[in-house]
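> Structure file protein-v5.txt (compact mmCIF, C-alpha atoms and all ligand atoms) is given on the next line.
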# COMPACT_ATOMS: atom_id res chain seq x y z
CA MET E 1 -40.19 38.77 -0.04
CA THR E 2 -40.37 35.04 -0.55
CA ASP E 3 -40.07 33.12 2.66
CA ARG E 4 -40.57 29.46 3.45
CA ARG E 5 -44.26 29.95 4.17
CA THR E 6 -44.89 31.83 0.95
CA VAL E 7 -43.28 29.07 -1.05
CA LEU E 8 -45.32 26.44 0.76
CA LYS E 9 -48.53 28.41 0.26
CA THR E 10 -47.81 29.05 -3.39
CA SER E 11 -46.99 25.44 -4.06
CA LEU E 12 -50.14 24.27 -2.29
CA LEU E 13 -52.16 26.49 -4.60
CA VAL E 14 -50.76 24.85 -7.70
CA PRO E 15 -52.68 21.67 -8.53
CA ALA E 16 -50.56 18.58 -8.91
CA ALA E 17 -51.77 18.12 -12.49
CA ALA E 18 -50.51 21.58 -13.40
CA LEU E 19 -47.17 20.82 -11.83
CA LEU E 20 -46.93 17.63 -13.77
CA ALA E 21 -47.86 19.40 -16.95
CA ARG E 22 -45.15 22.01 -16.55
CA PRO E 23 -42.84 21.73 -19.56
CA ALA E 24 -39.29 20.58 -19.11
CA SER E 25 -36.71 23.32 -19.72
CA ALA E 26 -34.74 23.76 -22.90
CA ALA E 27 -31.63 22.64 -21.01
CA THR E 28 -32.70 19.03 -21.06
CA GLY E 29 -35.74 18.78 -23.32
CA ALA E 30 -38.77 16.65 -22.51
CA LYS E 31 -36.91 13.43 -23.25
CA GLY E 32 -33.72 14.28 -21.41
CA ILE E 33 -30.24 14.18 -22.88
CA GLN E 34 -28.89 11.79 -25.51
CA MET E 35 -25.38 10.58 -24.63
CA GLN E 36 -22.96 8.82 -26.93
CA ILE E 37 -22.03 5.32 -25.79
CA PRO E 38 -19.75 4.72 -23.89
CA CYS E 39 -20.78 7.26 -21.28
CA VAL E 40 -21.02 7.93 -17.58
CA VAL E 41 -23.38 10.08 -15.50
CA SER E 42 -23.36 10.92 -11.82
CA THR E 43 -25.12 13.00 -9.22
CA TRP E 44 -24.07 16.56 -8.32
CA PRO E 45 -21.25 18.74 -9.67
CA PHE E 46 -18.71 16.73 -7.68
CA GLY E 47 -19.54 14.00 -10.19
CA VAL E 48 -17.31 15.77 -12.75
CA ALA E 49 -14.09 14.58 -11.08
CA ALA E 50 -15.59 11.14 -10.50
CA ASN E 51 -16.75 10.89 -14.12
CA LYS E 52 -13.24 11.71 -15.32
CA ALA E 53 -11.83 8.70 -13.46
CA ALA E 54 -14.61 6.53 -14.87
CA TRP E 55 -14.09 7.95 -18.37
CA ALA E 56 -10.39 7.02 -18.24
CA ILE E 57 -11.54 3.39 -18.12
CA LEU E 58 -14.53 3.61 -20.46
CA SER E 59 -12.61 5.47 -23.18
CA LYS E 60 -10.12 2.60 -23.37
CA GLY E 61 -12.85 0.03 -23.84
CA GLY E 62 -12.96 -0.91 -20.15
CA ARG E 63 -15.87 -2.47 -18.30
CA ALA E 64 -18.63 -0.25 -16.86
CA LEU E 65 -18.29 -1.99 -13.49
CA ASP E 66 -14.60 -1.02 -13.22
CA ALA E 67 -15.46 2.51 -14.33
CA VAL E 68 -18.15 3.15 -11.71
CA GLU E 69 -16.01 1.72 -8.92
CA ALA E 70 -12.98 3.83 -9.91
CA GLY E 71 -15.22 6.86 -10.42
CA VAL E 72 -16.89 7.00 -7.03
CA ARG E 73 -13.62 6.26 -5.25
CA ILE E 74 -12.63 9.86 -6.11
CA PRO E 75 -15.15 11.59 -3.81
CA GLU E 76 -14.68 8.78 -1.25
CA ALA E 77 -11.03 9.85 -0.96
CA ASP E 78 -11.64 13.61 -1.14
CA LEU E 79 -11.15 15.03 2.35
CA ARG E 80 -12.91 18.27 1.35
CA ASN E 81 -16.04 16.24 0.85
CA HIS E 82 -18.01 15.66 4.06
CA THR E 83 -20.77 13.55 2.59
CA VAL E 84 -18.93 10.58 1.09
CA GLY E 85 -16.15 8.32 2.40
CA ARG E 86 -13.35 9.44 4.70
CA ALA E 87 -13.98 12.86 6.29
CA GLY E 88 -17.73 12.26 5.99
CA TYR E 89 -19.64 13.85 8.84
CA PRO E 90 -20.34 11.43 11.69
CA ASP E 91 -23.53 10.29 13.36
CA ARG E 92 -24.75 12.10 16.46
CA ASP E 93 -22.41 10.04 18.64
CA GLY E 94 -19.33 10.92 16.57
CA HIS E 95 -18.98 7.71 14.51
CA VAL E 96 -18.46 7.89 10.74
CA THR E 97 -20.60 5.12 9.26
CA LEU E 98 -20.63 4.54 5.51
CA ASP E 99 -23.19 3.06 3.10
CA ALA E 100 -22.49 1.90 -0.47
CA SER E 101 -23.85 -0.35 -3.21
CA ILE E 102 -22.83 -1.58 -6.62
CA MET E 103 -24.52 -3.52 -9.45
CA ASP E 104 -23.07 -5.08 -12.59
CA GLU E 105 -24.43 -5.95 -16.02
CA HIS E 106 -25.46 -9.46 -14.92
CA GLY E 107 -27.78 -8.19 -12.19
CA ASN E 108 -25.26 -9.05 -9.48
CA ALA E 109 -25.35 -6.72 -6.50
CA GLY E 110 -23.27 -6.00 -3.43
CA SER E 111 -23.54 -3.52 -0.60
CA VAL E 112 -22.31 -2.48 2.80
CA ALA E 113 -24.33 -0.59 5.38
CA ALA E 114 -23.26 1.39 8.44
CA MET E 115 -19.68 0.25 7.98
CA GLU E 116 -16.95 1.95 10.03
CA TYR E 117 -13.18 2.42 9.63
CA ILE E 118 -12.87 1.55 5.93
CA ALA E 119 -12.31 4.45 3.55
CA HIS E 120 -13.60 2.89 0.32
CA PRO E 121 -16.96 1.25 1.00
CA ILE E 122 -17.69 0.92 -2.73
CA SER E 123 -14.77 -1.48 -3.14
CA VAL E 124 -15.94 -3.51 -0.14
CA ALA E 125 -19.43 -3.62 -1.67
CA ARG E 126 -17.86 -5.02 -4.85
CA ARG E 127 -16.06 -7.70 -2.84
CA VAL E 128 -19.33 -8.63 -1.12
CA MET E 129 -20.82 -9.05 -4.60
CA GLU E 130 -17.92 -11.02 -6.03
CA LYS E 131 -16.50 -12.97 -3.09
CA THR E 132 -19.52 -13.94 -1.02
CA PRO E 133 -22.87 -15.57 -1.74
CA HIS E 134 -24.53 -12.52 -0.11
CA VAL E 135 -25.71 -9.10 -1.23
CA MET E 136 -25.32 -6.98 1.90
CA LEU E 137 -23.05 -6.89 4.94
CA ALA E 138 -23.63 -4.43 7.77
CA GLY E 139 -21.87 -2.86 10.73
CA GLU E 140 -19.03 -4.68 12.48
CA GLY E 141 -19.37 -7.71 10.21
CA ALA E 142 -18.80 -5.53 7.15
CA THR E 143 -15.66 -4.00 8.68
CA GLN E 144 -14.41 -7.46 9.68
CA PHE E 145 -14.98 -8.77 6.15
CA ALA E 146 -13.17 -5.76 4.67
CA VAL E 147 -10.14 -6.33 6.90
CA GLU E 148 -10.13 -10.01 5.95
CA GLN E 149 -10.10 -8.89 2.32
CA GLY E 150 -7.01 -6.76 2.92
CA PHE E 151 -8.59 -3.32 3.38
CA LYS E 152 -6.86 -0.99 5.83
CA LYS E 153 -8.70 -0.12 9.03
CA GLU E 154 -8.36 3.59 9.74
CA GLU E 155 -9.99 6.45 11.59
CA LEU E 156 -12.41 8.18 9.21
CA LEU E 157 -13.25 11.12 11.44
CA THR E 158 -10.93 13.93 10.42
CA PRO E 159 -10.16 16.86 12.77
CA GLU E 160 -12.28 19.14 10.57
CA SER E 161 -15.29 16.81 10.68
CA LYS E 162 -14.84 16.34 14.41
CA LYS E 163 -14.88 20.10 14.91
CA ALA E 164 -18.09 20.43 12.87
CA TRP E 165 -19.69 17.66 14.92
CA GLN E 166 -18.68 19.31 18.20
CA GLU E 167 -20.14 22.55 16.90
CA TRP E 168 -23.40 20.74 16.06
CA LEU E 169 -23.48 19.18 19.55
CA LYS E 170 -23.93 22.64 21.05
CA THR E 171 -27.49 22.77 19.78
CA ALA E 172 -27.87 19.18 18.51
CA LYS E 173 -30.64 20.13 16.11
CA TYR E 174 -31.10 17.59 13.33
CA LYS E 175 -32.39 18.95 10.07
CA PRO E 176 -31.68 17.41 6.68
CA GLU E 177 -30.67 20.14 4.24
CA ALA E 178 -31.26 20.09 0.51
CA ASN E 179 -28.68 20.68 -2.19
CA ILE E 180 -25.65 21.08 0.03
CA GLU E 181 -23.33 19.95 -2.76
CA THR E 182 -24.52 22.57 -5.18
CA ARG E 183 -23.65 25.29 -2.75
CA SER E 184 -20.36 23.91 -1.49
CA TYR E 185 -18.87 22.38 -4.63
CA GLY E 186 -20.82 23.69 -7.59
CA LEU E 187 -20.07 27.23 -6.59
CA GLY E 188 -16.44 26.41 -6.10
CA VAL E 189 -16.33 26.70 -2.33
CA PRO E 190 -14.56 23.52 -1.27
CA GLY E 191 -15.17 21.89 2.05
CA GLY E 192 -18.47 23.54 2.81
CA ALA E 193 -20.75 20.53 2.64
CA LYS E 194 -22.72 20.36 5.86
CA ASN E 195 -25.22 17.63 6.04
CA HIS E 196 -25.82 15.18 3.22
CA ASP E 197 -25.30 14.31 -0.44
CA THR E 198 -24.44 11.11 -2.15
CA ILE E 199 -22.65 10.17 -5.32
CA GLY E 200 -24.64 7.84 -7.51
CA MET E 201 -23.02 6.88 -10.81
CA LEU E 202 -24.29 4.98 -13.87
CA ALA E 203 -22.13 3.95 -16.82
CA ILE E 204 -22.53 2.22 -20.17
CA ASP E 205 -19.37 0.72 -21.64
CA ALA E 206 -18.37 0.27 -25.29
CA LYS E 207 -20.01 -3.18 -25.31
CA GLY E 208 -23.27 -1.53 -24.28
CA ASN E 209 -23.19 -3.03 -20.78
CA LEU E 210 -24.47 -1.09 -17.77
CA SER E 211 -23.26 -0.85 -14.18
CA GLY E 212 -23.93 1.48 -11.26
CA ALA E 213 -22.46 2.53 -7.93
CA CYS E 214 -23.68 4.62 -5.02
CA THR E 215 -21.74 5.69 -1.93
CA THR E 216 -22.34 8.05 1.00
CA SER E 217 -21.71 8.85 4.63
CA GLY E 218 -25.49 9.35 4.82
CA MET E 219 -27.14 12.04 6.86
CA ALA E 220 -24.79 13.99 9.06
CA TRP E 221 -25.61 13.69 12.78
CA LYS E 222 -27.94 10.74 12.09
CA VAL E 223 -29.11 8.43 14.87
CA ARG E 224 -26.46 5.77 15.48
CA GLY E 225 -27.26 2.71 13.38
CA ARG E 226 -29.29 4.62 10.79
CA VAL E 227 -28.96 3.21 7.28
CA GLY E 228 -30.11 5.24 4.28
CA ASP E 229 -31.25 4.33 0.81
CA SER E 230 -27.80 4.17 -0.78
CA PRO E 231 -26.90 0.56 0.16
CA ILE E 232 -30.44 -0.74 -0.40
CA ILE E 233 -30.64 -2.37 -3.81
CA GLY E 234 -33.70 -0.95 -5.57
CA ALA E 235 -33.82 2.16 -3.38
CA GLY E 236 -30.57 4.11 -3.85
CA LEU E 237 -29.45 2.14 -6.90
CA TYR E 238 -30.86 -0.26 -9.45
CA VAL E 239 -29.44 -1.52 -12.74
CA ASP E 240 -31.04 -3.89 -15.24
CA ASN E 241 -28.83 -4.41 -18.27
CA ASP E 242 -31.87 -4.99 -20.49
CA VAL E 243 -33.42 -1.65 -19.60
CA GLY E 244 -31.22 0.92 -17.83
CA GLY E 245 -30.20 2.13 -14.41
CA ALA E 246 -31.24 4.66 -11.78
CA THR E 247 -29.79 6.17 -8.64
CA SER E 248 -30.92 8.64 -6.03
CA THR E 249 -29.73 11.37 -3.72
CA GLY E 250 -31.47 13.24 -0.93
CA VAL E 251 -33.51 12.15 2.04
CA GLY E 252 -33.08 8.39 1.89
CA GLU E 253 -36.13 7.60 3.98
CA GLU E 254 -38.41 8.90 1.20
CA VAL E 255 -36.54 6.85 -1.39
CA MET E 256 -36.64 3.66 0.69
CA ARG E 257 -40.36 3.96 1.36
CA SER E 258 -41.03 4.13 -2.37
CA VAL E 259 -38.22 1.79 -3.57
CA GLY E 260 -37.39 4.62 -5.92
CA SER E 261 -34.59 3.42 -8.19
CA PHE E 262 -36.33 0.12 -8.89
CA LEU E 263 -39.48 2.05 -9.70
CA VAL E 264 -37.61 4.28 -12.16
CA VAL E 265 -36.14 1.27 -13.96
CA GLU E 266 -39.50 -0.50 -14.09
CA LEU E 267 -41.13 2.62 -15.56
CA MET E 268 -38.40 2.75 -18.20
CA ARG E 269 -39.09 -0.92 -18.93
CA GLN E 270 -42.67 0.09 -19.67
CA GLY E 271 -41.40 2.56 -22.24
CA ARG E 272 -41.14 5.77 -20.25
CA SER E 273 -38.15 8.03 -20.94
CA PRO E 274 -35.57 8.27 -18.13
CA GLN E 275 -36.67 11.82 -17.39
CA ASP E 276 -40.34 10.92 -17.28
CA ALA E 277 -39.63 7.88 -15.11
CA CYS E 278 -37.67 10.00 -12.60
CA LYS E 279 -40.47 12.55 -12.55
CA GLU E 280 -43.08 9.87 -11.82
CA ALA E 281 -40.94 8.43 -9.01
CA VAL E 282 -40.66 11.86 -7.36
CA GLN E 283 -44.39 12.38 -7.84
CA ARG E 284 -45.12 9.09 -6.00
CA ILE E 285 -43.24 10.41 -2.96
CA LEU E 286 -45.17 13.68 -3.01
CA LYS E 287 -48.52 11.96 -3.52
CA LYS E 288 -48.15 9.87 -0.36
CA LYS E 289 -46.50 12.64 1.62
CA PRO E 290 -47.13 16.17 0.35
CA GLU E 291 -44.95 17.62 3.15
CA ALA E 292 -41.95 16.01 1.43
CA LYS E 293 -41.94 19.11 -0.77
CA MET E 294 -39.89 20.69 2.03
CA GLU E 295 -37.21 18.02 1.56
CA GLN E 296 -34.98 17.08 -1.33
CA VAL E 297 -34.89 13.85 -3.32
CA GLY E 298 -33.33 13.66 -6.76
CA TYR E 299 -33.30 10.75 -9.21
CA LEU E 300 -30.89 10.27 -12.10
CA ALA E 301 -31.48 7.61 -14.75
CA ILE E 302 -30.08 6.31 -18.03
CA ASN E 303 -31.60 3.83 -20.44
CA LYS E 304 -29.91 1.25 -22.64
CA LYS E 305 -29.84 3.73 -25.56
CA GLY E 306 -27.87 6.29 -23.55
CA GLU E 307 -30.78 8.68 -22.94
CA VAL E 308 -30.38 10.42 -19.59
CA GLY E 309 -32.97 12.09 -17.42
CA ALA E 310 -33.36 13.40 -13.90
CA TRP E 311 -36.00 14.90 -11.65
CA ALA E 312 -36.02 16.26 -8.11
CA ILE E 313 -38.48 17.52 -5.53
CA GLN E 314 -36.77 20.91 -5.32
CA LYS E 315 -34.62 22.86 -7.71
CA GLY E 316 -30.91 22.83 -6.96
CA PHE E 317 -30.20 19.18 -7.81
CA SER E 318 -27.74 18.83 -10.68
CA TYR E 319 -25.83 16.02 -12.36
CA SER E 320 -22.62 15.50 -14.30
CA LEU E 321 -22.17 13.87 -17.69
CA ALA E 322 -19.21 12.50 -19.66
CA ASP E 323 -18.92 10.91 -23.09
CA LYS E 324 -16.56 11.39 -25.99
CA THR E 325 -18.02 14.80 -26.81
CA ALA E 326 -17.39 16.33 -23.34
CA GLN E 327 -16.24 15.13 -19.95
CA ASP E 328 -17.20 18.01 -17.68
CA ARG E 329 -20.84 18.88 -18.29
CA VAL E 330 -23.02 19.73 -15.31
CA VAL E 331 -26.74 19.95 -15.96
CA PRO E 332 -29.45 21.32 -13.65
CA GLY E 333 -32.11 18.77 -12.78
CA GLU E 334 -35.78 19.49 -13.38
CA ALA E 335 -37.89 19.84 -10.25
CA PHE E 336 -41.46 20.35 -9.05
CA PHE E 337 -40.72 23.13 -6.56
CA GLU E 338 -38.43 26.04 -5.96
CA GLN E 339 -35.65 25.38 -3.51
CA THR E 340 -36.94 25.92 0.01
CA PRO E 341 -35.36 29.03 1.51
CA GLY E 342 -33.18 28.04 4.44
CA ASN E 343 -32.78 24.53 3.06
C1 LIG W 1 -29.03 9.02 2.64
N1 LIG W 1 -29.49 9.44 0.31
O1 LIG W 1 -28.27 8.44 3.40
C2 LIG W 1 -28.48 9.53 1.34
C3 LIG W 1 -27.98 10.89 1.57
C4 LIG W 1 -27.97 11.77 0.38
O2 LIG W 1 -28.15 13.83 -0.54
O3 LIG W 1 -27.99 11.41 -0.73
N2 LIG W 1 -28.07 13.02 0.51
O4 LIG W 1 -30.21 9.23 2.89
I need this file expressed as structure tokens, please.

Amino acid sequence: MTDRRTVLKTSLLVPAAALLARPASAATGAKGIQMQIPCVVSTWPFGVAANKAAWAILSKGGRALDAVEAGVRIPEADLRNHTVGRAGYPDRDGHVTLDASIMDEHGNAGSVAAMEYIAHPISVARRVMEKTPHVMLAGEGATQFAVEQGFKKEELLTPESKKAWQEWLKTAKYKPEANIETRSYGLGVPGGAKNHDTIGMLAIDAKGNLSGACTTSGMAWKVRGRVGDSPIIGAGLYVDNDVGGATSTGVGEEVMRSVGSFLVVELMRQGRSPQDACKEAVQRILKKKPEAKMEQVGYLAINKKGEVGAWAIQKGFSYSLADKTAQDRVVPGEAFFEQTPGN
């Protein structure tokens, strides 16, 4: 029987070079997937519904920035989803605090971190980008700014999320879990998401312009005040209209320490394919911290030509694609390791 220790032992026996040399599967090919422009890609199977909202804009010749904002607002509003927006699981003290970031084709960026009481952090992030000289607002100041901008202040902790939190309080054990979305949404069991997963979305519009958005309630039961990678420009999201864009999901601390999305875009700038760039960014995490193989981080990237690639630490990460040929494709991400049992 394969248990956690066996997987760890097995993976330790496989030299890193061999892991790196492992061929990509037929599902994606070594170079990833070629999309037709305009197109939109996003993390996890719950990206399908988000992509549809984005596609409604892109297919009419709309701007990528409008598409990614409209797209990620779908999971933000979905009360079955406990990892993004309203109904997101709270921190260990029972507060729902949201992180989000957005970037446009001009390299403009906006973000909010640890913001409470506002259901659509991505739209507040866009206002920060467009209405202030700043990039990031955090905490109470972010909520205050949102209210000044006309956003409604509301309780984000739903009865269902509160119940889950109270259940967690009985043992109060904090353990980030990998691939929650795949199990709760991908398998068609709504409302089962337990701990974390973020929507990151990248779009190219008919003019060939790129934008990206990333939004999350972060790690469930996190320490109050904790901010993840999602609102950090260059960590959870990075877009350079000359090159491409990247976004991440998983344990944000690993992504922040390696400035992952910026790294992916810079590798693409040097000529690496999106898939190869994502793979290298995951490899950097594992090189500095081999124990991270027990965690999950997944990167998703697209280049200016519409080539898409992804890579994760563990299997189980997947992403959603939409262009004129199909709007509901979900593709498994490549990974270095098997999914950790119990994760
Ligand atoms: C965070 N990266 O706050 C987010 C959470 C996430 O899959 O994506 N989980 O660290």
> List all protein, DNA and RNA residues that have at least one atom no more than 6 Å from any atom of ligand LIG 1 (chain W), counting only C-alpha atoms and all ligand atoms, and write them as a list in words.
His196, Asp197, Thr198, Gly218, Met219, Gly228, Asp229, Ser230, Thr249, Gly250, Val251 and Gly252 of chain E
> Which polymer residues have any atom within 12 Å of an atom of range 103-105 of chain E, counting only C-alpha atoms, with same-chain residues fewer than 5 positions away left out, as number ranges by chain?
E: 63-69, 110-111, 122-123, 125-130, 135-136, 200-205, 207-214, 231-234, 236-247, 304
> Let me make sure I understand: among E:Ser258, E:Gln149, E:Gln166, E:Gln314, which one has the smallest atom-to-atom distance to Ile118 in chain E if we use all atoms listed in the file?
E:Gln149
> Counting only C-alpha atoms, note down every residue that has an atom within 6 Å of the point (-16.1, 1.2, -22.9) (file coordinates), as an NGL selection string.
:E and (38 or 58-59 or 61-63 or 205-206)
> Can you pull out the residues contacting Glu266 in chain E? Cut-off 9 Å, using only C-alpha atoms, and skip same-chain residues under 5 positions away; I want them as a PyMOL selection string.
chain E and resi 243+261+271-272+277
> Residues within 12 Å of Arg224 in chain E, please, as a list in words. Count only C-alpha atoms; anything in the same chain fewer than 4 positions from it doesn't count.
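Close residues of Arg224 in chain E: Pro90, Asp91, Arg92, Asp93, Gly94, His95, Val96, Thr97, Leu98, Ala114, Met115, Glu116, Gly139, Gly218, Met219, Ala220 and Gly228 of chain E.
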> Of the candidates E:Leu263, E:Val297, E:Val223, E:Ala77, which one gets nearest to Tyr174 in chain E if we count only C-alpha atoms?
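The shortest atom-to-atom distance to Tyr174 in chain E comes from E:Val223.
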> Neighbours of Pro332 in chain E within 8 Å (all atoms listed in the file; same-chain residues fewer than 5 positions away dropped), as a tab-separated table (two decimals) with C-alpha atoms, in the frame of the given file?

chain	number	residue	atom	x	y	z
E	27	ALA	CA	-31.63	22.64	-21.01
E	316	GLY	CA	-30.91	22.83	-6.96
E	317	PHE	CA	-30.20	19.18	-7.81
E	318	SER	CA	-27.74	18.83	-10.68
E	319	TYR	CA	-25.83	16.02	-12.36
> Considering all atoms listed in the file, can you say which of E:Val84, E:Ile33, E:Ala56, E:Ala335 comes closest to Pro121 in chain E?
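The closest residue to Pro121 in chain E is E:Val84.
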> Quick one: residues within 9 Å of Leu79 in chain E, all atoms listed in the file counted, chain neighbours fewer than 4 positions away excluded, as a ChimeraX atom specification?
/E:75,85-88,158,191
